[in-house]
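Dumped final_26.cif below, it's mmCIF, C-alpha atoms:
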data_my_file
loop_
_atom_site.group_PDB
_atom_site.id
_atom_site.type_symbol
_atom_site.label_atom_id
_atom_site.label_comp_id
_atom_site.auth_asym_id
_atom_site.auth_seq_id
_atom_site.Cartn_x
_atom_site.Cartn_y
_atom_site.Cartn_z
ATOM 1 C CA MET A 1 -24.870 41.526 11.347
ATOM 2 C CA LYS A 2 -22.856 41.801 8.130
ATOM 3 C CA ARG A 3 -21.885 38.142 8.370
ATOM 4 C CA ILE A 4 -25.528 37.106 8.600
ATOM 5 C CA PHE A 5 -26.386 39.270 5.595
ATOM 6 C CA PHE A 6 -23.591 37.754 3.503
ATOM 7 C CA ALA A 7 -24.562 34.245 4.597
ATOM 8 C CA ALA A 8 -28.133 34.906 3.483
ATOM 9 C CA VAL A 9 -26.947 36.292 0.154
ATOM 10 C CA ILE A 10 -24.823 33.211 -0.482
ATOM 11 C CA LEU A 11 -27.755 30.938 0.313
ATOM 12 C CA ILE A 12 -30.009 32.871 -2.045
ATOM 13 C CA VAL A 13 -27.479 32.890 -4.878
ATOM 14 C CA TYR A 14 -26.741 29.195 -4.458
ATOM 15 C CA ALA A 15 -30.427 28.274 -4.330
ATOM 16 C CA ALA A 16 -31.106 30.295 -7.484
ATOM 17 C CA ARG A 17 -28.451 28.312 -9.361
ATOM 18 C CA VAL A 18 -29.805 24.916 -8.383
ATOM 19 C CA ASN A 19 -31.986 23.551 -11.169
ATOM 20 C CA ALA A 20 -33.562 20.710 -9.222
ATOM 21 C CA GLN A 21 -35.396 20.956 -5.944
ATOM 22 C CA MET A 22 -33.044 20.464 -2.987
ATOM 23 C CA SER A 23 -33.826 17.882 -0.332
ATOM 24 C CA THR A 24 -34.123 18.877 3.310
ATOM 25 C CA SER A 25 -30.820 17.154 4.081
ATOM 26 C CA ALA A 26 -29.107 19.068 1.241
ATOM 27 C CA ILE A 27 -30.452 22.364 2.627
ATOM 28 C CA ASP A 28 -29.305 21.387 6.130
ATOM 29 C CA SER A 29 -25.829 20.582 4.834
ATOM 30 C CA LEU A 30 -25.567 23.828 2.872
ATOM 31 C CA VAL A 31 -26.706 25.932 5.834
ATOM 32 C CA GLU A 32 -24.179 24.309 8.161
ATOM 33 C CA LYS A 33 -21.379 24.966 5.650
ATOM 34 C CA VAL A 34 -22.409 28.628 5.396
ATOM 35 C CA ARG A 35 -22.611 28.936 9.213
ATOM 36 C CA ALA A 36 -19.097 27.530 9.525
ATOM 37 C CA THR A 37 -17.708 29.690 6.713
ATOM 38 C CA PHE A 38 -19.078 32.933 8.156
ATOM 39 C CA ASP A 39 -18.734 31.883 11.820
ATOM 40 C CA VAL A 40 -22.305 32.816 12.778
ATOM 41 C CA PRO A 41 -23.929 31.327 15.875
ATOM 42 C CA GLY A 42 -27.281 30.773 14.175
ATOM 43 C CA ILE A 43 -29.386 31.347 11.099
ATOM 44 C CA ALA A 44 -33.017 30.895 10.106
ATOM 45 C CA VAL A 45 -33.903 29.690 6.625
ATOM 46 C CA ALA A 46 -37.213 29.606 4.788
ATOM 47 C CA VAL A 47 -37.739 28.291 1.274
ATOM 48 C CA ILE A 48 -40.818 29.688 -0.446
ATOM 49 C CA LYS A 49 -42.269 28.122 -3.583
ATOM 50 C CA ASP A 50 -45.383 29.411 -5.306
ATOM 51 C CA GLY A 51 -46.174 31.570 -2.288
ATOM 52 C CA LYS A 52 -46.020 28.669 0.196
ATOM 53 C CA MET A 53 -43.265 27.814 2.645
ATOM 54 C CA ILE A 54 -41.928 24.373 1.754
ATOM 55 C CA HIS A 55 -39.014 24.428 4.204
ATOM 56 C CA GLY A 56 -38.475 26.451 7.349
ATOM 57 C CA LYS A 57 -35.934 25.750 10.049
ATOM 58 C CA GLY A 58 -33.649 27.426 12.558
ATOM 59 C CA TYR A 59 -30.019 26.345 12.817
ATOM 60 C CA GLY A 60 -27.691 26.967 15.732
ATOM 61 C CA ALA A 61 -28.175 29.440 18.578
ATOM 62 C CA TRP A 62 -29.376 33.042 18.876
ATOM 63 C CA SER A 63 -26.129 33.939 20.574
ATOM 64 C CA LEU A 64 -23.081 32.207 21.924
ATOM 65 C CA ALA A 65 -23.884 33.469 25.413
ATOM 66 C CA SER A 66 -27.472 32.239 25.735
ATOM 67 C CA LYS A 67 -27.285 29.065 23.612
ATOM 68 C CA GLU A 68 -31.029 29.540 22.970
ATOM 69 C CA LYS A 69 -31.922 27.743 19.734
ATOM 70 C CA VAL A 70 -32.933 29.715 16.643
#
Translate the structure described by the file into structure tokens.
Amino acid sequence: MKRIFFAAVILIVYAARVNAQMSTSAIDSLVEKVRATFDVPGIAVAVIKDGKMIHGKGYGAWSLASKEKV
């Protein structure tokens, strides 16, 4: 659980530093790098702008045992 928390924190900090809007492929790439760095089976990401979700996606699996997608 700590790894997921730290992965989320890194995503938030990185996103806050980006001046321009990130493309979906850039978000996908960043999330996969964070998953690999923290060795988490899966992560869900939502990007909210002006109160509306502009990107929402699950990456990886809920657990290594089930392989059910996030």
As a check of understanding, name the residues that the PyMOL selection byres ((chain A and resi 43) around 6) selects in the supplied structure, as a VMD selection string. chain A and resid 42 44 58 to 59
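Excluding stretch 20-36 of chain A and any residue on its chain fewer than 5 positions from it, the residues at most 10 Å away by all atoms listed in the file are Arg3, Ile4, Phe6, Ala7, Ala8, Ile10, Leu11, Tyr14, Ala15, Pro41, Gly42, Ile43, Ala44, Val45, Val47, Ile54, His55, Gly56, Lys57, Gly58, Tyr59 and Gly60 of chain A.
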Atom CA of A:Lys52 to atom CA of A:Thr37, distance in Å rounded to a single decimal: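 If I compute the distance from atom CA of A:Lys52 to atom CA of A:Thr37, I get 29.1 Å.
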